[in-house]
file coords-v2.cif (mmCIF, C-alpha atoms)
data_model
#
loop_
_atom_site.label_atom_id
_atom_site.label_comp_id
_atom_site.auth_asym_id
_atom_site.auth_seq_id
_atom_site.Cartn_x
_atom_site.Cartn_y
_atom_site.Cartn_z
CA MET A 2 125.86 79.68 106.73
CA ARG A 3 124.77 81.61 109.83
CA ILE A 4 127.75 83.98 109.56
CA GLY A 5 126.93 84.62 105.92
CA ILE A 6 123.31 85.42 106.77
CA LEU A 7 124.38 87.85 109.47
CA ALA A 8 126.84 89.58 107.16
CA CYS A 9 124.18 89.89 104.47
CA LEU A 10 121.70 91.50 106.86
CA ILE A 11 124.32 93.91 108.23
CA PHE A 12 125.02 94.96 104.65
CA LEU A 13 121.32 95.51 103.97
CA ASN A 14 120.90 97.42 107.20
CA SER A 15 123.73 99.78 106.26
CA PHE A 16 121.67 100.89 103.27
CA GLY A 17 118.47 101.26 105.28
CA ILE A 18 116.80 98.27 103.64
CA VAL A 19 116.22 96.26 106.82
CA GLU A 20 113.36 97.81 108.76
CA THR A 21 114.09 99.13 112.25
CA ILE A 22 111.68 99.67 115.12
CA LYS A 23 109.43 102.71 114.77
CA SER A 24 107.46 104.44 117.48
CA SER A 25 104.45 105.46 115.40
CA GLN A 26 101.08 104.00 116.37
CA THR A 27 97.65 104.77 114.98
CA ASP A 28 94.45 105.31 116.95
CA LYS A 29 92.88 102.29 115.21
CA PHE A 30 95.39 99.82 116.64
CA LYS A 31 96.70 99.33 120.16
CA LYS A 32 99.99 97.51 120.71
CA ILE A 33 99.36 94.89 123.36
CA ARG A 34 102.56 92.85 123.43
CA THR A 35 105.89 92.04 121.83
CA VAL A 36 106.96 88.46 121.08
CA GLY A 37 110.59 87.40 120.91
CA PHE A 38 111.55 83.99 119.56
CA SER A 39 113.57 81.47 121.56
CA ASP A 40 114.38 77.77 121.81
CA PRO A 41 113.95 76.90 125.52
CA LEU A 42 113.51 73.16 124.80
CA ASN A 43 116.74 73.03 122.75
CA ILE A 44 114.95 71.62 119.73
CA LEU A 45 117.73 72.88 117.46
CA ARG A 46 121.27 71.58 117.66
CA ASP A 47 122.60 75.07 117.00
CA GLU A 48 121.56 78.52 118.14
CA LEU A 49 118.20 79.80 116.86
CA LEU A 50 119.13 82.37 114.24
CA ILE A 51 116.46 83.94 112.03
CA ALA A 52 117.59 86.11 109.16
CA GLU A 53 114.31 87.38 107.71
CA ILE A 54 110.71 86.40 108.37
CA LYS A 55 109.30 86.54 104.86
CA SER A 56 106.07 84.69 105.61
CA LEU A 57 104.11 84.84 108.87
CA ASP A 58 100.87 83.07 109.75
CA VAL A 59 99.00 82.80 113.05
CA ASP A 60 96.53 80.09 114.08
CA ILE A 61 93.46 80.32 116.31
CA SER A 62 95.53 79.63 119.45
CA GLY A 63 98.08 82.32 118.61
CA ARG A 64 100.88 80.03 117.45
CA PHE A 65 103.24 81.46 114.82
CA LEU A 66 104.31 79.88 111.55
CA ALA A 67 107.42 81.69 110.28
CA VAL A 68 109.39 81.16 107.07
CA ASP A 69 112.93 82.52 106.89
CA LEU A 70 113.57 82.94 103.17
CA ILE A 71 117.23 83.90 103.44
CA GLY A 72 118.03 81.23 106.01
CA GLU A 73 116.04 78.59 104.10
CA GLN A 74 114.21 77.42 107.22
CA ALA A 75 110.68 77.29 108.60
CA PHE A 76 109.58 77.22 112.24
CA LEU A 77 106.49 76.61 114.35
CA PHE A 78 106.43 78.75 117.51
CA ASP A 79 104.07 78.80 120.46
CA SER A 80 102.12 81.99 121.17
CA ASP A 81 104.86 83.15 123.56
CA GLY A 82 107.57 82.70 120.92
CA SER A 83 108.91 79.37 122.21
CA LEU A 84 110.04 77.04 119.44
CA LEU A 85 107.77 74.03 119.04
CA SER A 86 109.15 72.51 115.84
CA ASN A 87 111.70 73.02 113.12
CA LEU A 88 109.69 72.17 109.99
CA ASP A 89 112.10 69.73 108.41
CA PRO A 90 110.84 67.56 105.52
CA SER A 91 113.96 65.36 105.48
CA SER A 92 112.22 62.80 107.71
CA CYS A 93 109.76 62.27 104.84
CA TYR A 94 111.99 62.96 101.85
CA PRO A 95 115.70 62.91 102.69
CA GLY A 96 118.01 64.43 100.10
CA PHE A 97 115.56 66.87 98.53
CA GLU A 98 116.49 70.52 98.41
CA PHE A 99 114.56 72.47 101.03
CA ARG A 100 113.93 76.10 100.15
CA PRO A 101 110.71 77.19 101.88
CA VAL A 102 108.88 80.13 100.36
CA ASN A 103 105.56 80.33 102.17
CA ALA A 104 103.57 78.41 104.76
CA ILE A 105 99.98 78.55 105.98
CA PHE A 106 97.83 76.99 108.69
CA LEU A 107 94.89 75.11 107.22
CA ASP A 108 91.48 74.93 108.87
CA ASP A 109 92.41 71.84 110.92
CA GLN A 110 95.67 73.61 111.93
CA SER A 111 97.77 71.30 109.79
CA ILE A 112 100.46 73.11 107.80
CA PHE A 113 100.86 73.50 104.06
CA LEU A 114 104.39 74.58 103.16
CA VAL A 115 105.37 75.84 99.72
CA ASN A 116 108.88 74.83 98.67
CA ALA A 117 110.97 76.14 95.80
CA GLY A 118 112.44 72.69 95.12
CA PRO A 119 109.82 69.95 95.08
CA TRP A 120 106.55 71.79 95.19
CA GLY A 121 105.74 71.52 98.85
CA TYR A 122 105.16 69.51 101.99
CA ARG A 123 102.42 68.91 104.52
CA PHE A 124 102.94 68.88 108.26
CA THR A 125 100.75 68.00 111.23
CA ALA A 126 99.53 70.66 113.66
CA GLU A 127 102.54 69.75 115.81
CA GLY A 128 104.98 70.28 112.93
CA LYS A 129 105.72 66.66 112.00
CA CYS A 130 106.25 65.91 108.30
CA ILE A 131 103.44 63.78 106.89
CA GLY A 132 104.15 63.90 103.14
CA ASN A 133 104.35 65.96 100.02
CA VAL A 134 101.52 67.90 98.41
CA HIS A 135 99.39 66.72 95.49
CA ASP A 136 101.22 66.60 92.16
CA ASP A 137 98.51 68.87 90.74
CA TYR A 138 99.93 71.71 92.83
CA ILE A 139 102.61 73.93 91.31
CA MET A 140 104.42 76.76 93.02
CA LEU A 141 105.05 78.68 89.81
CA GLN A 142 103.41 82.12 89.81
CA VAL A 143 101.58 81.59 93.10
CA GLY A 144 101.28 85.08 94.43
CA PHE A 145 99.37 84.53 97.68
CA MET A 146 97.50 81.82 99.55
CA ASP A 147 94.63 81.79 102.01
CA THR A 148 92.31 79.21 103.52
CA ASP A 149 88.57 79.57 103.86
CA THR A 150 86.31 78.45 106.71
CA GLN A 151 85.45 75.23 104.86
CA GLY A 152 89.04 74.02 104.84
CA ASN A 153 89.83 74.83 101.22
CA LEU A 154 93.25 76.11 100.23
CA VAL A 155 92.90 79.13 97.94
CA GLY A 156 95.75 80.35 95.74
CA LEU A 157 96.33 83.30 93.44
CA TYR A 158 98.18 82.45 90.24
CA ARG A 159 99.51 85.29 88.06
CA MET A 160 100.40 84.21 84.53
CA PRO A 161 101.15 86.16 81.34
CA ALA A 162 97.81 85.50 79.67
CA GLU A 163 95.58 85.70 82.72
CA SER A 164 95.43 85.58 86.50
CA ILE A 165 93.55 82.73 88.14
CA ILE A 166 92.22 81.98 91.61
CA LYS A 167 92.31 78.27 92.40
CA TYR A 168 90.33 76.45 95.04
CA MET A 169 92.30 73.42 96.23
CA THR A 170 92.03 70.62 98.75
CA SER A 171 94.31 70.59 101.78
CA PHE A 172 96.65 68.46 99.64
CA GLY A 173 96.85 71.09 96.88
CA GLU A 174 94.61 69.36 94.33
CA THR A 175 92.66 71.86 92.24
CA THR A 176 88.89 71.66 92.58
CA GLN A 177 87.82 74.92 90.94
CA GLU A 178 89.31 77.80 88.97
CA ILE A 179 88.15 81.42 88.69
CA ILE A 180 89.62 83.46 85.85
CA LEU A 181 90.14 87.08 86.83
CA PRO A 182 89.53 90.03 84.51
CA GLN A 183 92.44 91.15 82.37
CA SER A 184 94.53 93.75 84.17
CA THR A 185 94.78 97.26 82.76
CA PHE A 186 98.53 96.96 83.29
CA PRO A 187 99.30 93.30 82.51
CA ASN A 188 103.11 93.52 82.51
CA ALA A 189 103.20 95.18 85.93
CA ASN A 190 100.52 92.81 87.25
CA ILE A 191 102.78 89.84 86.48
CA ARG A 192 106.03 91.38 87.69
CA ILE A 193 104.99 93.10 90.92
CA ALA A 194 104.45 90.57 93.70
CA MET A 195 102.05 92.65 95.79
CA GLY A 196 98.33 92.70 96.50
CA GLY A 197 96.73 89.40 97.46
CA ILE A 198 93.53 87.55 98.28
CA VAL A 199 91.23 86.98 101.25
CA ALA A 200 88.85 84.01 101.25
CA ASP A 201 85.86 83.38 103.49
CA LYS A 202 82.84 81.06 103.30
CA THR A 203 81.04 82.91 100.51
CA HIS A 204 83.50 85.25 98.75
CA ILE A 205 87.03 86.02 97.67
CA TYR A 206 88.40 89.55 97.94
CA TYR A 207 91.18 90.20 95.43
CA ALA A 208 93.52 93.18 95.49
CA SER A 209 95.76 93.60 92.48
CA ALA A 210 98.91 95.61 93.10
CA VAL A 211 98.07 97.93 90.24
CA GLU A 212 94.28 98.26 90.02
CA PRO A 213 92.54 101.01 92.06
CA TYR A 214 89.95 98.71 93.66
CA ILE A 215 89.29 95.44 95.47
CA LEU A 216 87.23 92.85 93.61
CA LYS A 217 84.54 91.09 95.64
CA ILE A 218 84.02 87.74 93.91
CA SER A 219 81.44 85.08 94.72
CA ILE A 220 82.41 81.42 94.82
CA ASP A 221 80.95 80.86 91.35
CA GLY A 222 83.25 83.56 89.94
CA THR A 223 80.73 86.40 89.69
CA ILE A 224 82.20 89.83 90.38
CA GLU A 225 79.72 91.39 92.79
CA ALA A 226 81.48 94.67 93.57
CA LYS A 227 84.53 96.86 93.09
CA ILE A 228 85.47 98.33 96.46
CA SER A 229 87.44 101.57 96.34
CA ARG A 230 87.94 104.99 97.89
CA ARG A 231 90.59 107.14 96.23
CA THR A 232 91.92 110.41 97.63
CA SER A 233 94.50 112.93 96.44
CA TRP A 234 97.15 110.94 98.34
CA PHE A 235 97.10 108.24 95.66
CA GLN A 236 99.33 108.56 92.63
CA GLU A 237 97.40 106.70 89.95
CA ILE A 238 99.13 104.52 87.37
CA SER A 239 99.06 105.89 83.84
CA LYS A 240 101.54 103.64 82.03
CA ASP A 241 102.43 99.95 82.15
CA ILE A 242 106.02 98.71 82.41
CA PRO A 243 107.48 97.51 79.09
CA VAL A 244 107.81 93.90 78.00
CA PHE A 245 111.13 92.45 79.08
CA ASP A 246 113.82 92.97 76.43
CA PRO A 247 116.65 90.43 76.90
CA SER A 248 118.95 92.60 74.79
CA ASN A 249 118.60 95.50 77.23
CA PRO A 250 117.93 94.20 80.76
CA VAL A 251 119.27 97.38 82.39
CA ALA A 252 116.62 99.52 80.71
CA PHE A 253 113.95 97.07 81.87
CA MET A 254 115.12 97.21 85.48
CA ASP A 255 115.24 100.99 85.33
CA ALA A 256 111.65 101.02 84.07
CA ILE A 257 110.54 98.87 87.01
CA GLY A 258 112.38 101.15 89.42
CA ASP A 259 110.66 104.18 87.92
CA PHE A 260 107.30 102.41 88.16
CA TYR A 261 107.75 101.81 91.88
CA GLY A 262 108.89 105.38 92.38
CA ILE A 263 105.95 107.22 90.82
CA ASN A 264 102.90 104.99 91.44
CA THR A 265 100.85 104.02 94.48
CA LEU A 266 100.58 100.23 94.72
CA ALA A 267 98.48 97.92 96.89
CA THR A 268 100.99 95.86 98.86
CA ARG A 269 98.74 93.47 100.84
CA ILE A 270 95.15 92.74 101.76
CA PHE A 271 94.09 91.19 105.08
CA GLN A 272 90.90 90.10 106.78
CA VAL A 273 91.23 91.97 110.08
CA ASN A 274 88.15 90.36 111.63
CA ASP A 275 84.94 88.67 110.43
CA HIS A 276 83.60 91.96 109.06
CA ASP A 277 86.49 94.20 107.97
CA LEU A 278 89.26 94.19 105.37
CA MET A 279 92.52 96.12 105.37
CA VAL A 280 94.37 97.13 102.20
CA GLN A 281 97.91 98.46 102.59
CA TYR A 282 99.60 100.78 100.09
CA ALA A 283 103.04 102.10 99.20
CA GLY A 284 103.90 104.95 96.86
CA PRO A 285 105.82 108.19 96.37
CA LYS A 286 104.00 109.78 99.33
CA GLY A 287 104.84 106.95 101.70
CA LEU A 288 102.84 104.12 103.26
CA GLY A 289 99.16 103.93 104.10
CA TYR A 290 96.14 101.75 104.64
CA GLN A 291 92.39 101.74 104.19
CA LEU A 292 89.74 99.72 106.05
CA PHE A 293 86.50 98.58 104.45
CA THR A 294 83.65 96.36 105.52
CA LYS A 295 83.15 93.27 103.41
CA GLY A 296 80.03 94.95 102.12
CA GLY A 297 82.19 97.68 100.62
CA ASN A 298 81.59 100.46 103.13
CA PHE A 299 84.53 102.67 104.00
CA VAL A 300 85.64 102.42 107.67
CA ALA A 301 88.91 104.34 108.11
CA GLU A 302 92.20 105.25 106.47
CA GLU A 303 95.58 106.63 107.40
CA PHE A 304 98.38 107.78 105.13
CA GLY A 305 101.97 108.80 105.76
CA ILE A 306 102.62 106.08 108.33
CA ASP A 307 106.05 104.52 108.66
CA TYR A 308 105.36 100.79 108.73
CA HIS A 309 103.12 98.03 107.44
CA PHE A 310 101.63 94.97 109.11
CA ASP A 311 102.64 91.46 108.03
CA GLN A 312 99.55 89.52 109.08
CA ALA A 313 96.06 90.07 110.51
CA LYS A 314 93.73 87.52 112.08
CA ARG A 315 90.68 87.60 114.37
CA GLY A 316 90.95 91.22 115.42
CA PHE A 317 94.72 91.25 115.89
CA LEU A 318 97.48 92.53 113.62
CA TYR A 319 101.09 91.37 113.57
CA ARG A 320 104.15 93.32 112.59
CA VAL A 321 107.60 91.78 112.07
CA VAL A 322 110.33 94.11 113.32
CA GLN A 323 114.09 93.82 112.85
CA PRO A 324 115.79 95.39 115.88
CA GLU A 325 118.86 97.59 115.54
CA ILE A 326 122.29 96.00 115.54
CA ASP A 327 123.72 95.80 119.07
CA ASN A 328 127.02 94.65 120.58
CA THR A 329 126.05 91.01 120.02
CA GLY A 330 125.35 91.50 116.31
CA LEU A 331 121.97 91.51 114.62
CA PRO A 332 119.24 90.15 116.93
CA ASN A 333 116.47 87.89 115.69
CA PRO A 334 113.32 89.58 114.38
CA ILE A 335 110.51 90.13 116.87
CA VAL A 336 106.76 90.40 116.36
CA GLU A 337 104.65 93.26 117.65
CA VAL A 338 101.00 92.34 118.27
CA TYR A 339 98.27 94.99 117.91
CA GLN A 340 94.58 94.87 118.72
CA TYR A 341 92.16 96.34 116.20
CA LEU A 342 90.02 99.01 117.87
CA ARG A 343 86.83 98.81 115.84
CA GLN A 344 84.54 101.73 116.66
#

call {"tool": "encode", "arguments": {"input": "coords-v2.cif", "output": "structure tokens"}}
result
Amino acid sequence: MRIGILACLIFLNSFGIVETIKSSQTDKFKKIRTVGFSDPLNILRDELLIAEIKSLDVDISGRFLAVDLIGEQAFLFDSDGSLLSNLDPSSCYPGFEFRPVNAIFLDDQSIFLVNAGPWGYRFTAEGKCIGNVHDDYIMLQVGFMDTDTQGNLVGLYRMPAESIIKYMTSFGETTQEIILPQSTFPNANIRIAMGGIVADKTHIYYASAVEPYILKISIDGTIEAKISRRTSWFQEISKDIPVFDPSNPVAFMDAIGDFYGINTLATRIFQVNDHDLMVQYAGPKGLGYQLFTKGGNFVAEEFGIDYHFDQAKRGFLYRVVQPEIDNTGLPNPIVEVYQYLRQ
């Protein structure tokens, strides 16, 4: 399997799809260290080989939770990149197909892992399997997850009729639902897995991939504000993608490709610190970001940059980087850590 993963990534890299290290750095962020991943305690029987870090989370002590979508594996690393645990649910449920999709640290530092087979698993803070999630939880259409300061798991569900934010227990049992306003571009809203949510003690901040604003939503579901600052850099969406036509799938895929090529989309939203939010964008003019306070005040922006961040927590931002192929093959991804320079 490891040879197949390596061959796949070499193929992607030959077409420029796998990101390589860039030298650009903004004046809002200072790179403070680089973390490489290793297995000094020989926890794995084979060599540590990571194909693609699709999901990255960081806890209060700086430990990393990384999901390798291609390699179908999930790891818990210490803050220095040393492997602490291979998140393996077979000790709880042997024989089930393990295809991890996403993982998140909960408020008590336990781990909630979303699986594409059975719906998910729970692990201790040390990475030991403690059981499956509540049968109320479903992975289907979960776009993004976050956890608030009260220990709730918060998930974004995008469905054809409506998008919903669900408050859940640490086991995945739904305790509250907030129905979001109908998107102006419903077909694209369902199909494009970008945007996201940020949850804190009093509000949720929701960024749709296709709407030109962030919704600030109170816990009772009231929309308190639409946060936005558009410039000439943005290419606004004027037309939705068509409904999927099974008789002509090629035309549908072409329409999606055209949609990506001509529109500016919100790719992710992060809570950079207790006060500020970051929204990242991608479009025909390149990549960019904007920073806002939670009150909706504009802080900073930069457009035409050459990379995005993959996580942000407590004043630090984290960027997964795939190094260039060398004489040993394709090295494991590394993580660059940046400090947010709030002025």

call {"tool": "resolve_selection", "arguments": {"input": "coords-v2.cif", "expression": "the PyMOL selection byres ((chain A and resi 273) around 9)", "output": "ChimeraX atom specification"}}
result
/A:271-272,274-279,292,312-318,341

call {"tool": "residues_around", "arguments": {"input": "coords-v2.cif", "residues": "Leu216 of chain A", "least_positions_apart": "6", "cutoff": "9 Å", "atoms": "all atoms listed in the file", "output": "number ranges by chain"}}
result
A: 205-209, 224-228

call {"tool": "resolve_selection", "arguments": {"input": "coords-v2.cif", "expression": "the PyMOL selection byres ((chain A and resi 195) around 8)", "output": "list of chain:residue names"}}
result
A:Gly144, A:Ile193, A:Ala194, A:Gly196, A:Gly197, A:Ser209, A:Ala210, A:Leu266, A:Ala267, A:Thr268, A:Arg269

call {"tool": "closest_residue", "arguments": {"input": "coords-v2.cif", "among": "A:Asp327, A:Asp28, A:Glu212, A:Glu337", "to": "Pro187 of chain A", "atoms": "all atoms listed in the file"}}
result
A:Glu212

call {"tool": "closest_residue", "arguments": {"input": "coords-v2.cif", "among": "A:Glu163, A:Asp79, A:Asp311, A:Glu325", "to": "Ser56 of chain A", "atoms": "all atoms listed in the file"}}
result
A:Asp311

call {"tool": "closest_residue", "arguments": {"input": "coords-v2.cif", "among": "A:Ile270, A:Ile165, A:Ala200, A:Ile263", "to": "Tyr214 of chain A", "atoms": "all atoms listed in the file"}}
result
A:Ile270

call {"tool": "closest_residue", "arguments": {"input": "coords-v2.cif", "among": "A:Ile306, A:Cys93, A:Leu331, A:Met146", "to": "Tyr290 of chain A", "atoms": "all atoms listed in the file"}}
result
A:Ile306

call {"tool": "residues_around", "arguments": {"input": "coords-v2.cif", "residues": "Gln236 of chain A", "least_positions_apart": "4", "cutoff": "8 Å", "atoms": "all atoms listed in the file", "output": "VMD selection string"}}
result
chain A and resid 263 to 265 284 to 285

call {"tool": "write_last_selection", "arguments": {"input": "coords-v2.cif", "atoms": "C-alpha atoms", "output": "mmCIF file, in the frame of the given file"}}
result
data_model
loop_
_atom_site.group_PDB
_atom_site.id
_atom_site.type_symbol
_atom_site.label_atom_id
_atom_site.label_comp_id
_atom_site.auth_asym_id
_atom_site.auth_seq_id
_atom_site.Cartn_x
_atom_site.Cartn_y
_atom_site.Cartn_z
ATOM 1 C CA ILE A 263 105.950 107.220 90.820
ATOM 2 C CA ASN A 264 102.900 104.990 91.440
ATOM 3 C CA THR A 265 100.850 104.020 94.480
ATOM 4 C CA GLY A 284 103.900 104.950 96.860
ATOM 5 C CA PRO A 285 105.820 108.190 96.370
#

call {"tool": "atom_distance", "arguments": {"input": "coords-v2.cif", "atom1": "atom CA of Thr175 of chain A", "atom2": "atom CA of Gly156 of chain A"}}
result
9.7 Å

call {"tool": "closest_residue", "arguments": {"input": "coords-v2.cif", "among": "A:Ile242, A:Gly258, A:Leu50, A:Phe235", "to": "Tyr282 of chain A", "atoms": "only C-alpha atoms"}}
result
A:Phe235

call {"tool": "resolve_selection", "arguments": {"input": "coords-v2.cif", "expression": "the PyMOL selection byres ((chain A and resi 243-255) around 12)", "output": "JSON, numbers by chain"}}
result
{"A": [161, 186, 187, 188, 189, 190, 191, 192, 240, 241, 242, 256, 257, 258, 259, 260, 261, 262]}

call {"tool": "write_last_selection", "arguments": {"input": "coords-v2.cif", "atoms": "C-alpha atoms", "output": "PDB file, in the frame of the given file"}}
result
ATOM      1  CA  PRO A 161     101.150  86.160  81.340  1.00  0.00           C
ATOM      2  CA  PHE A 186      98.530  96.960  83.290  1.00  0.00           C
ATOM      3  CA  PRO A 187      99.300  93.300  82.510  1.00  0.00           C
ATOM      4  CA  ASN A 188     103.110  93.520  82.510  1.00  0.00           C
ATOM      5  CA  ALA A 189     103.200  95.180  85.930  1.00  0.00           C
ATOM      6  CA  ASN A 190     100.520  92.810  87.250  1.00  0.00           C
ATOM      7  CA  ILE A 191     102.780  89.840  86.480  1.00  0.00           C
ATOM      8  CA  ARG A 192     106.030  91.380  87.690  1.00  0.00           C
ATOM      9  CA  LYS A 240     101.540 103.640  82.030  1.00  0.00           C
ATOM     10  CA  ASP A 241     102.430  99.950  82.150  1.00  0.00           C
ATOM     11  CA  ILE A 242     106.020  98.710  82.410  1.00  0.00           C
ATOM     12  CA  ALA A 256     111.650 101.020  84.070  1.00  0.00           C
ATOM     13  CA  ILE A 257     110.540  98.870  87.010  1.00  0.00           C
ATOM     14  CA  GLY A 258     112.380 101.150  89.420  1.00  0.00           C
ATOM     15  CA  ASP A 259     110.660 104.180  87.920  1.00  0.00           C
ATOM     16  CA  PHE A 260     107.300 102.410  88.160  1.00  0.00           C
ATOM     17  CA  TYR A 261     107.750 101.810  91.880  1.00  0.00           C
ATOM     18  CA  GLY A 262     108.890 105.380  92.380  1.00  0.00           C
TER      19      GLY A 262
END

call {"tool": "closest_residue", "arguments": {"input": "coords-v2.cif", "among": "A:Pro95, A:Ser86, A:Gly173, A:Ile54", "to": "Leu114 of chain A", "atoms": "only C-alpha atoms"}}
result
A:Gly173

call {"tool": "residues_around", "arguments": {"input": "coords-v2.cif", "residues": "Glu178 of chain A", "least_positions_apart": "6", "cutoff": "12 Å", "atoms": "all atoms listed in the file", "output": "list in words"}}
result
Val155, Gly156, Leu157, Tyr158, Glu163, Ser164, Ile165, Ile166, Lys167, Tyr168, Met169, Ile220, Asp221 and Gly222 of chain A

call {"tool": "residues_around", "arguments": {"input": "coords-v2.cif", "residues": "Gly82 of chain A", "least_positions_apart": "6", "cutoff": "10 Å", "atoms": "all atoms listed in the file", "output": "list in words"}}
result
Thr35, Val36, Gly37, Phe38, Ser39, Asp40, Pro41, Gly63, Arg64, Phe65, Ile335 and Val336 of chain A

call {"tool": "atom_distance", "arguments": {"input": "coords-v2.cif", "atom1": "atom CA of Phe299 of chain A", "atom2": "atom CA of Tyr319 of chain A"}}
result
22.2 Å

call {"tool": "atom_distance", "arguments": {"input": "coords-v2.cif", "atom1": "atom CA of Ala301 of chain A", "atom2": "atom CA of Lys29 of chain A"}}
result
8.4 Å

call {"tool": "residues_near_point", "arguments": {"input": "coords-v2.cif", "point": "(111.1, 90.8, 113.4)", "cutoff": "8 Å", "atoms": "all atoms listed in the file", "output": "compact mmCIF listing (two decimals) with C-alpha atoms, keeping the file's coordinate frame"}}
result
# COMPACT_ATOMS: atom_id res chain seq x y z
CA GLU A 53 114.31 87.38 107.71
CA ILE A 54 110.71 86.40 108.37
CA ARG A 320 104.15 93.32 112.59
CA VAL A 321 107.60 91.78 112.07
CA VAL A 322 110.33 94.11 113.32
CA GLN A 323 114.09 93.82 112.85
CA PRO A 324 115.79 95.39 115.88
CA ASN A 333 116.47 87.89 115.69
CA PRO A 334 113.32 89.58 114.38
CA ILE A 335 110.51 90.13 116.87
CA VAL A 336 106.76 90.40 116.36
